[in-house]
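Source file: my_file17.pdb; contents: PDB, C-alpha atoms.
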ATOM      1  CA  ARG H   1     181.109 207.665 153.003
ATOM      2  CA  MET H   2     179.696 209.017 149.720
ATOM      3  CA  LEU H   3     181.275 212.437 150.232
ATOM      4  CA  TRP H   4     184.621 210.837 150.958
ATOM      5  CA  LEU H   5     184.323 208.599 147.884
ATOM      6  CA  SER H   6     183.493 211.615 145.734
ATOM      7  CA  CYS H   7     186.678 213.266 146.910
ATOM      8  CA  MET H   8     188.636 210.089 146.227
ATOM      9  CA  VAL H   9     187.194 209.758 142.715
ATOM     10  CA  PHE H  10     188.145 213.367 141.971
ATOM     11  CA  GLY H  11     191.598 212.717 143.393
ATOM     12  CA  ALA H  12     191.958 209.567 141.295
ATOM     13  CA  ALA H  13     190.935 211.471 138.159
ATOM     14  CA  SER H  14     193.531 214.132 138.930
ATOM     15  CA  ALA H  15     196.191 211.480 139.505
ATOM     16  CA  SER H  16     195.414 209.815 136.178
ATOM     17  CA  LEU H  17     196.038 213.125 134.420
ATOM     18  CA  ALA H  18     199.504 213.215 135.934
ATOM     19  CA  THR H  19     200.503 209.829 134.565
ATOM     20  CA  ASP H  20     199.335 207.880 131.523
ATOM     21  CA  ASN H  21     199.093 204.551 133.281
ATOM     22  CA  PRO H  22     198.629 204.787 137.057
ATOM     23  CA  VAL H  23     198.733 201.813 139.404
ATOM     24  CA  LEU H  24     195.222 200.450 139.919
ATOM     25  CA  LEU H  25     195.979 197.505 142.163
ATOM     26  CA  THR H  26     198.788 196.417 144.481
ATOM     27  CA  VAL H  27     199.153 192.688 145.098
ATOM     28  CA  VAL H  28     201.064 191.583 148.172
ATOM     29  CA  GLY H  29     201.909 187.885 148.234
ATOM     30  CA  ALA H  30     203.073 185.685 151.057
ATOM     31  CA  GLY H  31     206.851 186.105 151.046
ATOM     32  CA  LYS H  32     206.717 188.101 147.800
ATOM     33  CA  THR H  33     207.668 191.657 146.855
ATOM     34  CA  PRO H  34     204.492 193.698 146.173
ATOM     35  CA  VAL H  35     203.418 193.871 142.525
ATOM     36  CA  ASN H  36     201.690 196.958 141.116
ATOM     37  CA  LEU H  37     199.249 196.438 138.250
ATOM     38  CA  THR H  38     198.040 199.104 135.832
ATOM     39  CA  ALA H  39     195.089 199.217 133.465
ATOM     40  CA  ALA H  40     197.468 198.164 130.665
ATOM     41  CA  ASP H  41     198.573 195.118 132.683
ATOM     42  CA  LEU H  42     194.971 194.053 133.285
ATOM     43  CA  SER H  43     193.971 194.618 129.648
ATOM     44  CA  GLN H  44     196.660 192.160 128.489
ATOM     45  CA  MET H  45     195.443 189.373 130.775
ATOM     46  CA  PRO H  46     192.726 186.814 129.899
ATOM     47  CA  ARG H  47     189.330 188.528 130.214
ATOM     48  CA  THR H  48     186.030 187.142 131.451
ATOM     49  CA  THR H  49     182.532 188.404 132.225
ATOM     50  CA  ALA H  50     179.845 187.836 134.830
ATOM     51  CA  THR H  51     176.262 188.996 135.007
ATOM     52  CA  LEU H  52     175.003 190.163 138.354
ATOM     53  CA  GLU H  53     171.506 191.153 139.441
ATOM     54  CA  ARG H  54     171.337 193.654 142.269
ATOM     55  CA  ASP H  55     168.463 195.822 143.449
ATOM     56  CA  GLY H  56     166.378 194.780 140.434
ATOM     57  CA  GLU H  57     169.062 195.807 137.922
ATOM     58  CA  THR H  58     171.090 193.363 135.836
ATOM     59  CA  SER H  59     174.635 194.397 134.946
ATOM     60  CA  THR H  60     177.411 192.628 133.068
ATOM     61  CA  TYR H  61     180.898 193.098 134.452
ATOM     62  CA  GLU H  62     184.150 192.426 132.622
ATOM     63  CA  GLY H  63     187.556 191.889 134.111
ATOM     64  CA  VAL H  64     190.202 189.376 135.123
ATOM     65  CA  LEU H  65     189.809 186.353 137.359
ATOM     66  CA  LEU H  66     191.186 186.980 140.838
ATOM     67  CA  TYR H  67     193.180 183.739 140.619
ATOM     68  CA  ASP H  68     194.807 184.903 137.348
ATOM     69  CA  ILE H  69     195.868 188.147 139.053
ATOM     70  CA  LEU H  70     197.509 186.099 141.802
ATOM     71  CA  LEU H  71     199.306 183.962 139.209
ATOM     72  CA  LYS H  72     200.633 187.115 137.525
ATOM     73  CA  ALA H  73     201.818 188.509 140.859
ATOM     74  CA  TYR H  74     203.816 185.316 141.458
ATOM     75  CA  GLY H  75     205.099 185.168 137.871
ATOM     76  CA  ARG H  76     203.239 181.909 137.186
ATOM     77  CA  GLN H  77     201.647 180.882 133.893
ATOM     78  CA  PRO H  78     197.909 180.113 133.613
ATOM     79  CA  GLY H  79     197.169 176.539 134.588
ATOM     80  CA  LYS H  80     199.941 176.460 137.181
ATOM     81  CA  ASN H  81     199.563 176.438 140.950
ATOM     82  CA  LEU H  82     200.584 179.199 143.326
ATOM     83  CA  PRO H  83     203.632 178.551 145.542
ATOM     84  CA  VAL H  84     201.487 178.803 148.694
ATOM     85  CA  ASN H  85     199.361 176.123 150.339
ATOM     86  CA  PRO H  86     195.747 176.785 149.280
ATOM     87  CA  LYS H  87     194.401 174.758 152.227
ATOM     88  CA  VAL H  88     195.768 177.243 154.776
ATOM     89  CA  SER H  89     195.793 180.510 152.836
ATOM     90  CA  TYR H  90     193.360 183.311 152.136
ATOM     91  CA  VAL H  91     193.100 186.353 149.898
ATOM     92  CA  LEU H  92     192.236 189.656 151.554
ATOM     93  CA  GLY H  93     190.932 192.492 149.407
ATOM     94  CA  THR H  94     191.047 196.083 150.625
ATOM     95  CA  ALA H  95     189.023 198.953 149.183
ATOM     96  CA  ARG H  96     190.081 202.578 149.094
ATOM     97  CA  ASP H  97     187.864 203.369 152.124
ATOM     98  CA  GLY H  98     189.332 200.511 154.183
ATOM     99  CA  TYR H  99     186.491 198.027 153.623
ATOM    100  CA  GLN H 100     187.854 194.476 153.502
ATOM    101  CA  ALA H 101     186.601 191.084 152.354
ATOM    102  CA  MET H 102     188.325 187.732 152.051
ATOM    103  CA  PHE H 103     188.234 184.562 150.003
ATOM    104  CA  ALA H 104     189.789 181.261 151.002
ATOM    105  CA  LEU H 105     192.490 180.463 148.449
ATOM    106  CA  ALA H 106     191.089 176.923 148.075
ATOM    107  CA  GLU H 107     187.742 178.523 147.199
ATOM    108  CA  ILE H 108     189.148 180.207 144.058
ATOM    109  CA  ALA H 109     191.978 177.781 143.159
ATOM    110  CA  PRO H 110     191.055 175.693 140.087
ATOM    111  CA  ALA H 111     192.502 172.551 141.709
ATOM    112  CA  PHE H 112     189.993 172.903 144.553
ATOM    113  CA  ALA H 113     186.582 174.661 144.302
ATOM    114  CA  GLY H 114     187.555 176.892 141.361
ATOM    115  CA  VAL H 115     184.960 179.581 142.098
ATOM    116  CA  ARG H 116     185.123 182.367 139.518
ATOM    117  CA  VAL H 117     185.734 185.683 141.284
ATOM    118  CA  ILE H 118     186.313 188.601 138.936
ATOM    119  CA  VAL H 119     188.233 191.813 139.484
ATOM    120  CA  ALA H 120     186.179 193.995 137.142
ATOM    121  CA  ASP H 121     187.200 197.186 135.395
ATOM    122  CA  LYS H 122     184.181 197.473 133.065
ATOM    123  CA  ARG H 123     180.408 197.517 133.574
ATOM    124  CA  ASN H 124     177.884 197.047 130.763
ATOM    125  CA  GLY H 125     180.578 197.575 128.122
ATOM    126  CA  GLY H 126     181.810 200.880 129.572
ATOM    127  CA  PRO H 127     183.687 202.086 132.624
ATOM    128  CA  LEU H 128     182.625 201.202 136.140
ATOM    129  CA  LEU H 129     180.424 203.733 137.892
ATOM    130  CA  PRO H 130     182.503 206.459 139.592
ATOM    131  CA  TYR H 131     182.025 205.068 143.105
ATOM    132  CA  GLN H 132     183.056 201.570 141.913
ATOM    133  CA  GLN H 133     186.367 202.669 140.366
ATOM    134  CA  PRO H 134     189.132 201.761 139.915
ATOM    135  CA  LEU H 135     188.135 198.090 140.308
ATOM    136  CA  GLN H 136     185.237 196.090 141.730
ATOM    137  CA  VAL H 137     185.241 192.522 143.011
ATOM    138  CA  ILE H 138     182.410 190.481 141.493
ATOM    139  CA  ALA H 139     181.549 187.202 143.225
ATOM    140  CA  PRO H 140     178.407 186.036 141.364
ATOM    141  CA  GLN H 141     177.975 182.976 143.596
ATOM    142  CA  ASP H 142     177.555 185.123 146.727
ATOM    143  CA  LYS H 143     173.862 185.567 147.508
ATOM    144  CA  ALA H 144     174.243 188.691 149.678
ATOM    145  CA  GLN H 145     177.093 190.221 147.582
ATOM    146  CA  GLY H 146     178.891 191.228 150.780
ATOM    147  CA  ARG H 147     182.255 190.513 149.170
ATOM    148  CA  ALA H 148     181.486 192.460 145.970
ATOM    149  CA  MET H 149     183.595 195.347 147.181
ATOM    150  CA  TYR H 150     184.089 198.405 145.047
ATOM    151  CA  SER H 151     187.095 200.728 144.841
ATOM    152  CA  LEU H 152     189.461 197.765 145.267
ATOM    153  CA  VAL H 153     193.070 198.943 145.540
ATOM    154  CA  LYS H 154     194.942 196.104 147.279
ATOM    155  CA  ILE H 155     194.979 192.311 147.378
ATOM    156  CA  GLU H 156     196.997 190.428 149.953
ATOM    157  CA  ILE H 157     197.686 186.702 150.076
ATOM    158  CA  VAL H 158     198.070 185.425 153.630
ATOM    159  CA  GLU H 159     199.440 181.950 154.334
ATOM    160  CA  LEU H 160     198.682 180.688 157.829
ATOM    161  CA  ARG H 161     201.210 178.605 159.715
ATOM    162  CA  HIS H 162     200.665 174.899 159.414
TER     163      HIS H 162
END

Could you rewrite the structure in this file as structure tokens?
Amino acid sequence: RMLWLSCMVFGAASASLATDNPVLLTVVGAGKTPVNLTAADLSQMPRTTATLERDGETSTYEGVLLYDILLKAYGRQPGKNLPVNPKVSYVLGTARDGYQAMFALAEIAPAFAGVRVIVADKRNGGPLLPYQQPLQVIAPQDKAQGRAMYSLVKIEIVELRH
């Protein structure tokens, strides 16, 4: 996995030389045309931080709330609700290597649990580590950090039938 990630990081660096603002994240919403977000898009959104201790090291991550990214993908203003039912929907994140993790939409929706999940693009005031790039999910409330996936490239909102 590390060898493959090294190749992907090199490939990503080469791609960023070809364009000034490459797509970092694709958001696919239930019944919505996919939205591609760049570093410039994320930098213009409300920013937040979270401190995470892992393997005896404390790091501070900076990024955008996952829920705010979903609002942007649906063209909704902060403080509004998404046009999907949070009680029967989930958010599936996919990393560059195919690793996936999910969050119940009600878990991150402010009108329900309002858990703060961050899509980070900075670590300790600088860039993410090479294997974490382009984005890393930070879920500080998770004890095992199994959903703190790195190399996030896609988010999909799935609404179950009800």

Practice item. May I have the residues within 9 Å of Val64 in chain H as a ChimeraX atom specification, using only C-alpha atoms and disregarding those fewer than 5 positions away in the same chain? Key: /H:42-43,45-49,69,117-121

List every protein, DNA or RNA residue with an atom no more than 12 Å from (190.6, 194.0, 155.4) in the file's coordinates, counting only C-alpha atoms, and format the result as a CSV table (one decimal) with C-alpha atoms, in the frame of the given file.
chain,number,residue,atom,x,y,z
H,90,TYR,CA,193.4,183.3,152.1
H,91,VAL,CA,193.1,186.4,149.9
H,92,LEU,CA,192.2,189.7,151.6
H,93,GLY,CA,190.9,192.5,149.4
H,94,THR,CA,191.0,196.1,150.6
H,95,ALA,CA,189.0,199.0,149.2
H,96,ARG,CA,190.1,202.6,149.1
H,97,ASP,CA,187.9,203.4,152.1
H,98,GLY,CA,189.3,200.5,154.2
H,99,TYR,CA,186.5,198.0,153.6
H,100,GLN,CA,187.9,194.5,153.5
H,101,ALA,CA,186.6,191.1,152.4
H,102,MET,CA,188.3,187.7,152.1
H,103,PHE,CA,188.2,184.6,150.0
H,147,ARG,CA,182.3,190.5,149.2
H,149,MET,CA,183.6,195.3,147.2
H,152,LEU,CA,189.5,197.8,145.3
H,153,VAL,CA,193.1,198.9,145.5
H,154,LYS,CA,194.9,196.1,147.3
H,155,ILE,CA,195.0,192.3,147.4
H,156,GLU,CA,197.0,190.4,150.0
H,157,ILE,CA,197.7,186.7,150.1
H,158,VAL,CA,198.1,185.4,153.6

Taking a cut-off of 9 Å and counting only C-alpha atoms, can you build a table that, for each residue of range 108-159 of chain H near range 73-87 of chain H, reports the nearest atom pair and how far apart they are in Å (one decimal), sorted by chain then residue number, as CSV?
residue,atom,partner,partner_atom,distance
H:Ala109,CA,H:Pro86,CA,7.3
H:Pro110,CA,H:Gly79,CA,8.3
H:Ala111,CA,H:Asn81,CA,8.1
H:Phe112,CA,H:Pro86,CA,8.4
H:Ile157,CA,H:Val84,CA,8.9
H:Val158,CA,H:Val84,CA,8.9
H:Glu159,CA,H:Val84,CA,6.8

Review point. Which neighbours of Gln141 in chain H fall inside 10 Å, counting only C-alpha atoms, when residues of the same chain fewer than 2 positions from it are skipped, and could you give them as a PyMOL selection string?
Key: chain H and resi 52+115-117+138-139+143-145

Exercise for review: Mind giving me the straight-line distance from CA of Pro134 in chain H to CA of Ala113 in chain H in Å, one decimal?
Suggested key: 27.6 Å

Check your understanding: In Å to one decimal, how far is CA of Glu62 in chain H from CA of Asn124 in chain H?
Key ->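 Going from CA of Asn124 in chain H over to CA of Glu62 in chain H, I get 8.0 Å.
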
Check your understanding: Closest to Gly63 in chain H among H:Gly114, H:Gly146, H:Gly126, H:Pro22, using all atoms listed in the file?
Key -> H:Gly126

Review point. When the PyMOL selection byres ((chain H and resi 133) around 8) is applied to the file above, which residues end up in the set, as a list in words?
Key: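 Residues picked by the PyMOL selection byres ((chain H and resi 133) around 8): Val9, Asp121, Leu128, Leu129, Pro130, Tyr131, Gln132, Pro134, Leu135, Gln136, Tyr150, Ser151 and Leu152 of chain H.
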
Review point. In Å, with one decimal, what is the gap from CA of Leu160 in chain H to CA of Leu25 in chain H?
Key: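 Calculated distance between CA of Leu160 in chain H and CA of Leu25 in chain H is 23.1 Å.
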
Taking all atoms of range 69-85 of chain H that the file lists and extending 5 Å past them on each side, where is the centre of the axis-aligned box and how long are its edges? Answer in Å to one decimal, as JSON.
{"center_x": 200.5, "center_y": 182.3, "center_z": 142.0, "size_x": 19.2, "size_y": 22.4, "size_z": 26.7}

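Checking H:Ser89, H:Gly29, H:Arg161, H:Leu105 one by one against Tyr67 in chain H, counting all atoms listed in the file, you find the shortest gap at H:Leu105.
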
Review point. Contacts of Thr38 in chain H at 10 Å or less, counting all atoms listed in the file, minus same-chain residues fewer than 6 places along, as a list in words?
Key: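 Residues meeting the cut-off are Asp20, Asn21, Pro22, Val23, Leu24, Leu25 and Thr26 of chain H.
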
Which polymer residues, protein or nucleic acid, are no farther than 9 Å from (177.2, 193.0, 133.4), counting all atoms listed in the file, as a PDB file with C-alpha atoms, keeping the file's coordinate frame?
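result-v6.pdb, freshly written:
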ATOM      1  CA  THR H  49     182.532 188.404 132.225  1.00  0.00           C
ATOM      2  CA  ALA H  50     179.845 187.836 134.830  1.00  0.00           C
ATOM      3  CA  THR H  51     176.262 188.996 135.007  1.00  0.00           C
ATOM      4  CA  LEU H  52     175.003 190.163 138.354  1.00  0.00           C
ATOM      5  CA  GLU H  53     171.506 191.153 139.441  1.00  0.00           C
ATOM      6  CA  THR H  58     171.090 193.363 135.836  1.00  0.00           C
ATOM      7  CA  SER H  59     174.635 194.397 134.946  1.00  0.00           C
ATOM      8  CA  THR H  60     177.411 192.628 133.068  1.00  0.00           C
ATOM      9  CA  TYR H  61     180.898 193.098 134.452  1.00  0.00           C
ATOM     10  CA  GLU H  62     184.150 192.426 132.622  1.00  0.00           C
ATOM     11  CA  LYS H 122     184.181 197.473 133.065  1.00  0.00           C
ATOM     12  CA  ARG H 123     180.408 197.517 133.574  1.00  0.00           C
ATOM     13  CA  ASN H 124     177.884 197.047 130.763  1.00  0.00           C
ATOM     14  CA  GLY H 125     180.578 197.575 128.122  1.00  0.00           C
TER      15      GLY H 125
END
